[in-house]
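A.B. asks: Here you go, entry.cif (mmCIF, C-alpha atoms and all ligand atoms):
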```
data_data
loop_
_atom_site.label_atom_id
_atom_site.label_comp_id
_atom_site.auth_asym_id
_atom_site.auth_seq_id
_atom_site.Cartn_x
_atom_site.Cartn_y
_atom_site.Cartn_z
CA MET E 1 -19.09 -31.65 -66.89
CA ILE E 2 -22.01 -33.93 -66.12
CA LYS E 3 -23.73 -34.33 -62.75
CA TYR E 4 -22.13 -37.45 -61.26
CA ILE E 5 -22.42 -39.24 -57.93
CA GLY E 6 -19.12 -39.37 -56.13
CA SER E 7 -17.54 -36.83 -58.45
CA LYS E 8 -14.59 -35.20 -56.76
CA ARG E 9 -15.27 -31.65 -57.89
CA ARG E 10 -14.42 -30.17 -54.51
CA LEU E 11 -11.33 -32.26 -54.00
CA VAL E 12 -9.83 -31.59 -57.44
CA PRO E 13 -7.52 -28.74 -56.34
CA VAL E 14 -6.32 -30.77 -53.34
CA LEU E 15 -5.62 -33.84 -55.45
CA GLY E 16 -3.76 -31.76 -58.04
CA ASP E 17 -1.73 -30.13 -55.30
CA LEU E 18 -1.03 -33.52 -53.74
CA ALA E 19 0.30 -34.94 -57.04
CA SER E 20 2.48 -31.84 -57.50
CA THR E 21 3.75 -32.08 -53.92
CA VAL E 22 5.06 -35.60 -54.59
CA GLY E 23 6.69 -34.40 -57.81
CA ALA E 24 4.60 -36.57 -60.14
CA ARG E 25 5.32 -36.51 -63.89
CA THR E 26 3.15 -39.52 -64.72
CA ALA E 27 -0.25 -40.21 -63.18
CA LEU E 28 -3.05 -42.75 -63.18
CA ASP E 29 -6.72 -41.93 -62.50
CA LEU E 30 -8.04 -45.47 -62.09
CA PHE E 31 -11.81 -44.84 -61.64
CA THR E 32 -11.95 -41.69 -63.69
CA GLY E 33 -15.74 -41.11 -64.13
CA THR E 34 -16.15 -37.53 -65.34
CA THR E 35 -12.33 -37.33 -65.74
CA ARG E 36 -12.20 -34.13 -63.71
CA VAL E 37 -9.29 -35.39 -61.58
CA ALA E 38 -7.43 -36.66 -64.64
CA GLN E 39 -7.96 -33.25 -66.25
CA GLU E 40 -6.44 -31.47 -63.28
CA LEU E 41 -3.40 -33.75 -63.41
CA LYS E 42 -3.06 -33.16 -67.16
CA ARG E 43 -3.37 -29.41 -66.59
CA ARG E 44 -0.33 -29.76 -64.33
CA ASP E 45 1.66 -31.23 -67.21
CA MET E 46 1.53 -34.81 -66.03
CA ARG E 47 1.24 -37.61 -68.52
CA VAL E 48 -2.10 -39.11 -67.50
CA THR E 49 -3.79 -42.48 -67.98
CA ALA E 50 -7.53 -42.44 -67.24
CA VAL E 51 -9.36 -45.73 -66.69
CA ASP E 52 -13.00 -46.63 -66.07
CA SER E 53 -15.36 -49.47 -66.91
CA ALA E 54 -18.12 -47.16 -68.20
CA ARG E 55 -18.43 -46.48 -71.93
CA TYR E 56 -19.26 -42.80 -71.43
CA ALA E 57 -16.24 -42.38 -69.12
CA GLU E 58 -14.01 -43.75 -71.86
CA VAL E 59 -15.43 -41.19 -74.28
CA PHE E 60 -14.84 -38.37 -71.78
CA ALA E 61 -11.27 -39.65 -71.29
CA GLN E 62 -10.66 -39.80 -75.04
CA CYS E 63 -11.90 -36.21 -75.24
CA TYR E 64 -10.25 -34.58 -72.25
CA VAL E 65 -7.21 -36.80 -71.65
CA GLY E 66 -6.49 -38.46 -74.99
CA THR E 67 -7.08 -35.48 -77.25
CA ASP E 68 -4.33 -32.86 -77.53
CA ALA E 69 -5.96 -29.43 -77.80
CA GLY E 70 -2.89 -28.31 -79.74
CA ALA E 71 -3.69 -30.80 -82.49
CA VAL E 72 -7.35 -29.80 -82.86
CA ASP E 73 -8.40 -27.31 -85.50
CA ARG E 74 -10.72 -25.00 -83.53
CA GLU E 75 -12.49 -23.85 -86.68
CA GLU E 76 -13.12 -27.43 -87.77
CA LEU E 77 -14.58 -28.26 -84.34
CA ALA E 78 -16.77 -25.14 -84.36
CA ALA E 79 -17.99 -25.99 -87.87
CA ALA E 80 -18.80 -29.58 -86.85
CA LEU E 81 -20.80 -28.36 -83.84
CA ARG E 82 -22.66 -25.84 -86.02
CA ASP E 83 -23.42 -28.58 -88.51
CA LEU E 84 -24.76 -30.89 -85.79
CA ALA E 85 -26.76 -28.16 -84.07
CA ALA E 86 -28.50 -27.35 -87.37
CA ARG E 87 -29.78 -30.90 -87.95
CA PRO E 88 -33.58 -31.05 -87.87
CA GLY E 89 -34.93 -33.21 -85.05
CA VAL E 90 -36.07 -36.77 -85.72
CA ASP E 91 -38.24 -39.20 -83.78
CA GLY E 92 -35.82 -41.95 -82.74
CA TYR E 93 -34.91 -44.17 -79.79
CA VAL E 94 -34.25 -41.31 -77.37
CA THR E 95 -37.52 -39.56 -78.15
CA GLU E 96 -39.57 -42.72 -77.88
CA THR E 97 -37.80 -44.18 -74.83
CA PHE E 98 -36.68 -41.20 -72.77
CA CYS E 99 -39.37 -38.63 -73.67
CA PHE E 100 -42.57 -40.72 -74.01
CA SER E 101 -42.01 -44.13 -72.32
CA SER E 102 -40.24 -42.17 -69.56
CA ARG E 103 -39.75 -38.43 -69.06
CA PHE E 104 -36.04 -37.71 -68.87
CA PHE E 105 -36.06 -35.10 -71.66
CA GLN E 106 -38.70 -32.93 -73.23
CA PRO E 107 -39.61 -34.25 -76.71
CA PHE E 108 -38.28 -31.16 -78.52
CA ASN E 109 -34.86 -31.87 -77.02
CA GLY E 110 -35.14 -35.66 -77.41
CA ARG E 111 -35.69 -35.29 -81.16
CA ARG E 112 -32.57 -33.16 -81.45
CA ILE E 113 -30.53 -35.65 -79.42
CA ASP E 114 -31.66 -38.39 -81.80
CA ALA E 115 -30.76 -36.36 -84.90
CA ILE E 116 -27.38 -35.22 -83.56
CA ARG E 117 -26.39 -38.68 -82.32
CA ASP E 118 -27.28 -40.23 -85.70
CA ALA E 119 -25.25 -37.55 -87.48
CA ILE E 120 -22.21 -38.10 -85.24
CA GLU E 121 -22.34 -41.81 -86.09
CA ASN E 122 -22.98 -41.39 -89.80
CA ASP E 123 -20.74 -38.42 -90.60
CA TYR E 124 -18.02 -38.22 -87.91
CA ARG E 125 -17.33 -41.87 -86.94
CA ALA E 126 -13.88 -41.81 -88.55
CA SER E 127 -13.01 -38.29 -87.39
CA ALA E 128 -10.57 -37.54 -84.54
CA LEU E 129 -13.34 -35.25 -83.30
CA TYR E 130 -15.71 -38.18 -82.67
CA PRO E 131 -15.21 -38.40 -78.86
CA VAL E 132 -15.18 -34.61 -78.60
CA LEU E 133 -18.53 -34.32 -80.38
CA LEU E 134 -20.03 -37.16 -78.33
CA THR E 135 -18.84 -35.50 -75.13
CA SER E 136 -20.38 -32.24 -76.25
CA LEU E 137 -23.71 -34.01 -76.87
CA ILE E 138 -23.75 -35.87 -73.53
CA GLU E 139 -22.89 -32.70 -71.63
CA ALA E 140 -25.58 -30.79 -73.53
CA ALA E 141 -28.16 -33.49 -72.74
CA ASP E 142 -27.13 -33.46 -69.08
CA ARG E 143 -27.83 -29.70 -68.90
CA VAL E 144 -31.47 -30.22 -70.01
CA ASP E 145 -32.38 -33.47 -68.27
CA SER E 146 -35.19 -33.84 -65.76
CA THR E 147 -33.49 -35.81 -62.98
CA THR E 148 -31.94 -35.23 -59.58
CA GLY E 149 -28.55 -36.31 -60.91
CA VAL E 150 -29.07 -40.05 -61.42
CA GLN E 151 -31.06 -41.86 -64.09
CA MET E 152 -32.85 -44.42 -61.91
CA ALA E 153 -35.76 -41.97 -61.90
CA TYR E 154 -36.94 -38.72 -63.42
CA VAL E 155 -38.68 -36.00 -61.48
CA LYS E 156 -42.49 -35.87 -61.52
CA GLN E 157 -42.79 -32.29 -62.74
CA TRP E 158 -40.45 -31.28 -65.56
CA ALA E 159 -37.27 -29.80 -64.09
CA PRO E 160 -36.94 -26.09 -64.99
CA ARG E 161 -33.73 -26.75 -66.96
CA SER E 162 -35.53 -29.26 -69.22
CA PHE E 163 -37.42 -26.38 -70.88
CA ARG E 164 -34.16 -24.94 -72.20
CA PRO E 165 -33.10 -25.84 -75.74
CA LEU E 166 -30.23 -28.30 -76.09
CA GLU E 167 -27.03 -26.37 -76.73
CA LEU E 168 -23.82 -27.97 -78.02
CA ARG E 169 -20.73 -26.33 -76.55
CA PRO E 170 -17.11 -27.09 -77.38
CA PRO E 171 -15.51 -29.11 -74.57
CA GLU E 172 -12.59 -27.32 -72.92
CA LEU E 173 -9.77 -29.39 -74.32
CA LEU E 174 -6.32 -29.47 -72.75
CA ILE E 175 -2.88 -29.28 -74.26
CA GLY E 176 -0.88 -32.51 -74.24
CA SER E 177 -1.58 -36.15 -74.80
CA GLY E 178 -2.68 -38.93 -72.49
CA ARG E 179 -4.27 -42.33 -72.51
CA ALA E 180 -7.91 -43.43 -72.17
CA VAL E 181 -8.56 -47.03 -71.20
CA ARG E 182 -11.86 -48.81 -70.69
CA GLY E 183 -11.91 -51.89 -68.53
CA ASP E 184 -12.13 -53.49 -65.11
CA ALA E 185 -9.65 -51.97 -62.66
CA CYS E 186 -9.16 -55.35 -60.98
CA GLU E 187 -7.92 -56.87 -64.22
CA LEU E 188 -5.94 -53.88 -65.44
CA ALA E 189 -4.29 -52.52 -62.29
CA GLU E 190 -0.96 -54.36 -62.46
CA SER E 191 -0.41 -53.91 -66.20
CA LEU E 192 -0.95 -50.15 -66.55
CA GLY E 193 2.13 -48.67 -64.85
CA PRO E 194 4.61 -47.64 -63.77
CA PHE E 195 3.39 -44.26 -62.52
CA ASP E 196 4.68 -41.63 -60.11
CA PHE E 197 1.19 -41.07 -58.71
CA ALA E 198 -1.99 -43.17 -58.80
CA TYR E 199 -5.37 -41.91 -57.67
CA LEU E 200 -8.05 -44.49 -56.86
CA ASP E 201 -11.68 -43.48 -56.43
CA PRO E 202 -13.77 -46.66 -56.53
CA PRO E 203 -17.49 -47.02 -55.78
CA TYR E 204 -17.93 -47.89 -52.13
CA ASN E 205 -21.47 -49.20 -51.88
CA GLN E 206 -24.43 -50.72 -53.72
CA HIS E 207 -25.11 -47.80 -56.09
CA ARG E 208 -24.29 -48.99 -59.60
CA TYR E 209 -22.96 -46.50 -62.11
CA PHE E 210 -24.17 -48.66 -64.99
CA THR E 211 -27.81 -48.18 -64.00
CA ASN E 212 -27.43 -44.69 -62.54
CA TYR E 213 -26.11 -43.44 -65.89
CA HIS E 214 -27.73 -45.91 -68.29
CA ILE E 215 -28.76 -43.15 -70.71
CA TRP E 216 -25.14 -42.10 -71.20
CA GLU E 217 -24.19 -45.76 -71.78
CA THR E 218 -26.87 -45.96 -74.46
CA LEU E 219 -25.94 -42.64 -76.05
CA VAL E 220 -22.40 -43.94 -76.52
CA ALA E 221 -23.27 -47.53 -77.52
CA TRP E 222 -26.12 -46.24 -79.75
CA ASP E 223 -27.55 -49.73 -79.90
CA ALA E 224 -31.25 -49.09 -79.16
CA PRO E 225 -31.41 -51.69 -76.39
CA VAL E 226 -34.56 -53.36 -75.13
CA HIS E 227 -35.44 -51.63 -71.88
CA TYR E 228 -37.34 -52.35 -68.69
CA GLY E 229 -38.89 -50.57 -65.71
CA VAL E 230 -40.12 -47.04 -65.17
CA ALA E 231 -36.66 -45.58 -65.88
CA CYS E 232 -36.32 -47.60 -69.14
CA LYS E 233 -32.99 -49.11 -68.15
CA ARG E 234 -30.95 -51.13 -70.62
CA VAL E 235 -31.87 -54.81 -70.46
CA ASP E 236 -28.19 -55.77 -70.17
CA ALA E 237 -28.16 -54.05 -66.76
CA ARG E 238 -29.39 -57.48 -65.61
CA ASP E 239 -26.31 -59.24 -67.00
CA PRO E 240 -23.51 -60.22 -64.60
CA GLU E 241 -20.89 -58.66 -66.93
CA THR E 242 -22.31 -55.19 -66.33
CA ARG E 243 -21.96 -55.53 -62.56
CA SER E 244 -18.98 -54.19 -60.67
CA VAL E 245 -17.42 -56.12 -57.81
CA PHE E 246 -17.19 -52.75 -56.02
CA ASN E 247 -20.99 -52.74 -55.66
CA GLU E 248 -21.02 -56.15 -53.92
CA ARG E 249 -20.76 -55.94 -50.17
CA SER E 250 -19.20 -59.39 -49.72
CA ARG E 251 -16.48 -58.98 -52.38
CA MET E 252 -15.70 -55.28 -52.42
CA ALA E 253 -13.04 -55.18 -49.66
CA GLU E 254 -11.00 -57.98 -51.19
CA ALA E 255 -11.21 -56.41 -54.65
CA LEU E 256 -10.12 -53.04 -53.32
CA ALA E 257 -7.19 -54.58 -51.42
CA GLY E 258 -6.14 -56.33 -54.65
CA VAL E 259 -6.23 -53.17 -56.75
CA ILE E 260 -4.29 -51.17 -54.14
CA ARG E 261 -1.69 -53.96 -53.93
CA ASP E 262 -1.34 -54.37 -57.71
CA VAL E 263 -1.15 -50.80 -58.93
CA ASP E 264 2.40 -49.97 -60.00
CA ALA E 265 2.98 -46.47 -58.59
CA ARG E 266 5.49 -44.70 -56.37
CA VAL E 267 2.67 -42.94 -54.49
CA VAL E 268 -0.97 -44.02 -54.20
CA ALA E 269 -3.86 -41.86 -53.03
CA VAL E 270 -7.16 -43.59 -52.33
CA SER E 271 -10.40 -41.68 -51.84
CA TYR E 272 -12.75 -42.84 -49.16
CA ASN E 273 -15.92 -41.51 -47.59
CA ASP E 274 -17.69 -42.42 -44.38
CA GLU E 275 -20.65 -44.03 -46.20
CA SER E 276 -18.43 -46.86 -47.36
CA TRP E 277 -18.67 -50.58 -46.61
CA VAL E 278 -15.01 -50.67 -45.54
CA SER E 279 -13.71 -48.77 -42.53
CA ILE E 280 -10.98 -46.16 -42.70
CA ASP E 281 -8.80 -48.45 -40.56
CA GLN E 282 -9.23 -51.25 -43.09
CA LEU E 283 -8.35 -48.92 -45.94
CA GLU E 284 -5.23 -47.65 -44.19
CA GLY E 285 -4.26 -51.28 -43.65
CA MET E 286 -4.63 -51.99 -47.37
CA VAL E 287 -2.38 -49.06 -48.27
CA ALA E 288 0.14 -49.98 -45.54
CA ALA E 289 0.36 -53.52 -46.99
CA ARG E 290 2.17 -52.01 -50.01
CA GLY E 291 5.10 -51.19 -47.70
CA GLY E 292 6.28 -47.65 -46.94
CA GLN E 293 4.28 -45.21 -44.86
CA VAL E 294 0.69 -43.99 -44.80
CA CYS E 295 -1.04 -40.72 -43.94
CA THR E 296 -4.71 -39.83 -44.12
CA LEU E 297 -6.01 -36.43 -45.15
CA ALA E 298 -9.60 -35.51 -44.18
CA PHE E 299 -11.87 -32.88 -45.70
CA ASP E 300 -15.41 -31.85 -44.76
CA SER E 301 -17.40 -31.92 -47.98
CA ARG E 302 -21.01 -31.35 -49.07
CA ARG E 303 -22.84 -34.37 -50.49
CA TYR E 304 -23.87 -34.75 -54.12
CA VAL E 305 -26.75 -32.71 -55.49
CA GLY E 306 -29.37 -35.51 -55.35
CA ALA E 307 -28.90 -35.91 -51.64
CA GLN E 308 -29.39 -32.21 -51.16
CA ILE E 309 -32.66 -32.22 -53.11
CA GLY E 310 -34.07 -35.26 -51.28
CA ILE E 311 -34.79 -38.96 -51.77
CA HIS E 312 -37.24 -39.77 -54.59
CA ASN E 313 -39.17 -42.89 -55.61
CA PRO E 314 -39.18 -44.08 -59.26
CA ARG E 315 -42.04 -41.68 -60.03
CA GLY E 316 -39.96 -38.76 -58.87
CA GLN E 317 -41.98 -38.20 -55.69
CA LYS E 318 -40.10 -37.13 -52.61
CA VAL E 319 -40.25 -40.04 -50.18
CA GLY E 320 -37.67 -39.40 -47.53
CA LYS E 321 -35.54 -36.88 -45.80
CA VAL E 322 -31.80 -36.79 -46.04
CA SER E 323 -30.24 -37.07 -42.62
CA ARG E 324 -27.12 -35.00 -43.24
CA LEU E 325 -25.70 -32.95 -46.02
CA HIS E 326 -22.09 -33.07 -45.01
CA ASN E 327 -19.75 -35.97 -44.97
CA VAL E 328 -16.04 -36.32 -44.55
CA GLU E 329 -13.94 -37.17 -47.59
CA TYR E 330 -10.72 -38.95 -46.77
CA VAL E 331 -7.68 -39.42 -48.95
CA VAL E 332 -5.34 -42.16 -47.77
CA VAL E 333 -1.86 -41.64 -49.14
CA GLY E 334 0.89 -44.24 -49.26
CA GLY E 335 4.54 -43.76 -50.24
CA ASP E 336 8.08 -43.75 -48.93
CA ALA E 337 9.01 -41.92 -45.72
CA ASP E 338 10.21 -38.72 -47.45
CA THR E 339 7.04 -38.51 -49.55
CA ILE E 340 4.72 -38.96 -46.60
CA LYS E 341 6.70 -36.36 -44.63
CA ALA E 342 6.25 -33.89 -47.48
CA VAL E 343 2.52 -34.68 -47.76
CA SER E 344 1.93 -34.33 -44.00
CA GLY E 345 3.89 -31.08 -43.98
CA ARG E 346 1.70 -29.70 -46.76
CA PHE E 347 -1.76 -31.00 -45.76
CA GLY E 348 -1.68 -32.02 -42.09
CA GLY E 349 -2.86 -35.58 -42.31
CA ASN E 350 -3.98 -36.69 -38.87
CA ARG E 351 -7.57 -37.57 -39.93
CA ALA E 352 -8.93 -34.42 -38.30
CA PRO E 353 -11.33 -33.00 -40.88
CA VAL E 354 -10.57 -29.58 -42.30
CA THR E 355 -13.42 -27.76 -44.03
CA PHE E 356 -12.66 -27.68 -47.69
CA GLU E 357 -14.39 -25.25 -50.02
CA PRO E 358 -13.74 -25.15 -53.76
CA ALA E 359 -11.19 -22.59 -54.87
C1 LIG E 401 -16.70 -42.58 -57.41
S1 LIG E 401 -16.79 -42.73 -59.14
C2 LIG E 401 -15.38 -41.86 -59.70
C3 LIG E 401 -15.64 -40.38 -59.80
C4 LIG E 401 -14.48 -39.61 -60.40
N1 LIG E 401 -13.33 -39.57 -59.54
C5 LIG E 401 -14.94 -38.19 -60.72
O1 LIG E 401 -14.49 -37.25 -60.03
O2 LIG E 401 -15.76 -38.03 -61.63
C6 LIG E 401 -16.37 -44.40 -59.40
C7 LIG E 401 -16.16 -44.83 -60.85
O3 LIG E 401 -15.73 -46.18 -60.87
C8 LIG E 401 -16.20 -46.78 -62.07
N2 LIG E 401 -16.13 -48.25 -61.87
C9 LIG E 401 -16.97 -49.05 -61.19
N3 LIG E 401 -16.51 -50.31 -61.17
C10 LIG E 401 -15.34 -50.32 -61.85
C11 LIG E 401 -14.39 -51.32 -62.16
N4 LIG E 401 -14.54 -52.58 -61.76
N5 LIG E 401 -13.30 -50.96 -62.90
C12 LIG E 401 -13.13 -49.68 -63.33
N6 LIG E 401 -14.02 -48.69 -63.06
C13 LIG E 401 -15.09 -49.00 -62.31
C14 LIG E 401 -17.58 -46.20 -62.26
O4 LIG E 401 -18.00 -46.29 -63.61
C15 LIG E 401 -17.38 -44.76 -61.76
O5 LIG E 401 -17.12 -43.89 -62.83
#
```
What is this structure when it is put down as structure tokens?
Ligand SMILES: C[S@@+](CC[C@H](N)C(=O)[O-])C[C@H]1O[C@@H](n2cnc3c(N)ncnc32)[C@H](O)[C@@H]1O

C.D. replies:
Amino acid sequence: MIKYIGSKRRLVPVLGDLASTVGARTALDLFTGTTRVAQELKRRDMRVTAVDSARYAEVFAQCYVGTDAGAVDREELAAALRDLAARPGVDGYVTETFCFSSRFFQPFNGRRIDAIRDAIENDYRASALYPVLLTSLIEAADRVDSTTGVQMAYVKQWAPRSFRPLELRPPELLIGSGRAVRGDACELAESLGPFDFAYLDPPYNQHRYFTNYHIWETLVAWDAPVHYGVACKRVDARDPETRSVFNERSRMAEALAGVIRDVDARVVAVSYNDESWVSIDQLEGMVAARGGQVCTLAFDSRRYVGAQIGIHNPRGQKVGKVSRLHNVEYVVVGGDADTIKAVSGRFGGNRAPVTFEPA
């Protein structure tokens, strides 16, 4: 899976366990990103709907949530990946924009990304494998990029992994079917359900996913956009439609309260971290406003990889020190009295952080 700010890699087992504890059969992952939480819920035999506003997140959801591994011919997928991997590189948009105008990929990999992406569009557009092949390409590109985990900048010296050749791997598909939806959570929340369990993991501050992962947006849209700035961002990053209300300090709390109120689920679990614009008290209040009871689980968690490497300017130079590498991840859970009793019995839930290490 790709490097992604705010990805809940470490919390995945807890969230899966939480959904199982409340006996969920249907589940919503409303800000699904990499889809790793949705995947865990699907692995536990829940019928999952995965939603995000990002184009690449929709592709990941079509691959990991929407595609039933049982319906995929493994040999056909392997043959398609071999076919794509054998395409000779071409000089295209990625090479020109992300290897020469900027330095996100080494040119030998950029040319292969161009050739493979063209081939996916020309030869596999109508195939059920389309999102699976696109996911494979994005994940392969992510393994050889030259960033600290976001695409607002590339590092000054080529990252060691960028010297490796691009390698297409088959995504680890899951048995069962589910739903992938692209759209604005604020508009969709009330129409998606009902669900037994809904997990909400919105952005909590000014960092925009659209610009942080603009290369993945472009790899999916494949529209060769006009670009600007050192990082060659898509010009539509300046358009209001590509902005999320969750990145606006003055509107975020109201939007979040609305989504929490509207989502049609027996149990909601909302992720929160202590770098957010809203306080944990405010968030608990939003969940309490649904009726029923609330408990808050707290986990000590390491921050995303970029923060551990340092703060960089647009030229990839280190310009600041990171003050702390740990933060507390909270999960605020709302449901009826019996549910909250079961959750507290299983996880504690008094806001006292427990150190959580991945299984
Ligand atoms: C914190 S990340 C989610 C990470 C995810 N749980 C994971 O583990 O990969 C927040 C996500 O919200 C999405 N997003 C931002 N604004 C949105 C909106 N208005 N509606 C739906 N999704 C939105 C972003 O694209 C991003 O993927």

A.B. asks: At what distance in Å, to one decimal, does atom CA of E:Glu275 lie from atom CA of E:Ala342?

C.D. replies: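 Distance reported for this atom pair: 28.8 Å.
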
A.B. asks: What does the distance between atom O4 of ligand LIG 401 (chain E) and atom CA of E:Tyr56 come to in Å, to one decimal place?

C.D. replies: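 Spanning atom O4 of ligand LIG 401 (chain E) to atom CA of E:Tyr56 is a straight-line distance of 8.7 Å.
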
A.B. asks: How would you write, as a PDB file with C-alpha atoms, in the frame of the given file, the set of residues no farther than 6 Å from ligand LIG 401 (chain E) when counting only C-alpha atoms and all ligand atoms?

C.D. replies:
```
ATOM      1  CA  GLY E   6     -19.120 -39.370 -56.130  1.00  0.00           C
ATOM      2  CA  SER E   7     -17.540 -36.830 -58.450  1.00  0.00           C
ATOM      3  CA  LYS E   8     -14.590 -35.200 -56.760  1.00  0.00           C
ATOM      4  CA  PHE E  31     -11.810 -44.840 -61.640  1.00  0.00           C
ATOM      5  CA  THR E  32     -11.950 -41.690 -63.690  1.00  0.00           C
ATOM      6  CA  GLY E  33     -15.740 -41.110 -64.130  1.00  0.00           C
ATOM      7  CA  THR E  34     -16.150 -37.530 -65.340  1.00  0.00           C
ATOM      8  CA  THR E  35     -12.330 -37.330 -65.740  1.00  0.00           C
ATOM      9  CA  ARG E  36     -12.200 -34.130 -63.710  1.00  0.00           C
ATOM     10  CA  VAL E  37      -9.290 -35.390 -61.580  1.00  0.00           C
ATOM     11  CA  ASP E  52     -13.000 -46.630 -66.070  1.00  0.00           C
ATOM     12  CA  SER E  53     -15.360 -49.470 -66.910  1.00  0.00           C
ATOM     13  CA  ALA E  54     -18.120 -47.160 -68.200  1.00  0.00           C
ATOM     14  CA  GLY E 183     -11.910 -51.890 -68.530  1.00  0.00           C
ATOM     15  CA  ASP E 184     -12.130 -53.490 -65.110  1.00  0.00           C
ATOM     16  CA  ALA E 185      -9.650 -51.970 -62.660  1.00  0.00           C
ATOM     17  CA  ASP E 201     -11.680 -43.480 -56.430  1.00  0.00           C
ATOM     18  CA  PRO E 202     -13.770 -46.660 -56.530  1.00  0.00           C
ATOM     19  CA  PRO E 203     -17.490 -47.020 -55.780  1.00  0.00           C
ATOM     20  CA  TYR E 209     -22.960 -46.500 -62.110  1.00  0.00           C
ATOM     21  CA  SER E 244     -18.980 -54.190 -60.670  1.00  0.00           C
ATOM     22  CA  PHE E 246     -17.190 -52.750 -56.020  1.00  0.00           C
TER      23      PHE E 246
END
```

A.B. asks: Could you check the closest approach to E:Arg111 for each of E:Tyr204, E:Phe98, E:Phe163, E:Tyr228 and tell me which residue wins, using only C-alpha atoms?

C.D. replies: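 Result for the nearest residue to E:Arg111: E:Phe98.
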
A.B. asks: Residues at most 9 Å from E:Glu139, counting only C-alpha atoms, excluding those fewer than 2 positions away in the same chain, as a short mmCIF file (atom, residue, chain, number, x, y, z; two decimals) with C-alpha atoms, in the coordinates of the input?

C.D. replies:
```cif
data_model
loop_
_atom_site.label_atom_id
_atom_site.label_comp_id
_atom_site.auth_asym_id
_atom_site.auth_seq_id
_atom_site.Cartn_x
_atom_site.Cartn_y
_atom_site.Cartn_z
CA MET E 1 -19.09 -31.65 -66.89
CA ILE E 2 -22.01 -33.93 -66.12
CA LEU E 134 -20.03 -37.16 -78.33
CA THR E 135 -18.84 -35.50 -75.13
CA SER E 136 -20.38 -32.24 -76.25
CA LEU E 137 -23.71 -34.01 -76.87
CA ALA E 141 -28.16 -33.49 -72.74
CA ASP E 142 -27.13 -33.46 -69.08
CA ARG E 143 -27.83 -29.70 -68.90
CA LEU E 168 -23.82 -27.97 -78.02
CA ARG E 169 -20.73 -26.33 -76.55
CA PRO E 171 -15.51 -29.11 -74.57
#
```

A.B. asks: Calculate how many Å separate atom CA of E:Arg112 from atom CA of E:Val226, rounding to one decimal.

C.D. replies: 21.3 Å

A.B. asks: Which of these, E:Leu166, E:Tyr330, E:Ile116, E:Ala337, has the shortest distance to E:Asn350 once you count all atoms listed in the file?

C.D. replies: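 Nearest to E:Asn350: E:Tyr330.
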
A.B. asks: Box for stretch 78-87 of chain E: with edges along x, y and z, all listed atoms inside and 3 Å added on each side, what are the centre and edge lengths in Å to one decimal, as AutoDock Vina command-line options?

C.D. replies:
```
--center_x -23.3 --center_y -28.0 --center_z -86.2 --size_x 19.0 --size_y 11.8 --size_z 10.7
```

A.B. asks: For a quick check of understanding, using all atoms listed in the file, which of E:Gln39, E:Thr147, E:Ser191, E:Thr97 has the smallest distance to E:Pro225?

C.D. replies: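 Answer, going by the shortest atom-to-atom distance: E:Thr97.
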
A.B. asks: Residues at most 8 Å from stretch 179-182 of chain E, counting all atoms listed in the file, excluding those fewer than 2 positions away in the same chain, as a VMD selection string?

C.D. replies: chain E and resid 48 to 55 57 to 58 61 to 62 65 to 66 177 184

A.B. asks: Please provide the set of residues having any atom within 7 Å of E:Glu329, restricted to all atoms listed in the file, with same-chain residues fewer than 6 positions apart removed, written as a CSV table (one decimal) with C-alpha atoms, in the coordinates of the input.

C.D. replies:
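Output file around05.csv is given in full below:
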```
chain,number,residue,atom,x,y,z
E,272,TYR,CA,-12.8,-42.8,-49.2
E,273,ASN,CA,-15.9,-41.5,-47.6
E,298,ALA,CA,-9.6,-35.5,-44.2
E,299,PHE,CA,-11.9,-32.9,-45.7
E,300,ASP,CA,-15.4,-31.8,-44.8
E,301,SER,CA,-17.4,-31.9,-48.0
```

A.B. asks: Near E:Glu40, within 8 Å and counting all atoms listed in the file, which residues show up once chain neighbours fewer than 6 positions away are dropped, as a list in words?

C.D. replies: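 Contacts, with the query itself left out: Val12, Pro13 and Gly16 of chain E.
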
A.B. asks: Using all atoms listed in the file, which of the listed residues (E:Arg25, E:Arg238, E:Arg44, E:Arg251) sits closest to E:Ala265?

C.D. replies: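 Going through E:Arg25, E:Arg238, E:Arg44, E:Arg251 one by one, the smallest distance to E:Ala265 is for E:Arg25.
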
A.B. asks: Excluding same-chain residues fewer than 6 positions from E:Ala71, what lies within 10 Å of it counting all atoms listed in the file, as a count of residues only?

C.D. replies: 4

A.B. asks: Using all atoms listed in the file, find the one residue out of E:Ala198, E:Val278, E:Leu129, E:Ile340 that sits nearest to E:Ser250.

C.D. replies: E:Val278

A.B. asks: Please determine, counting all atoms listed in the file, which residue among E:Ile215, E:Val14, E:Ala80, E:Ala255 has the shortest atom-to-atom distance to E:Ser102.

C.D. replies: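 Of all the options, E:Ile215 lies closest to E:Ser102.
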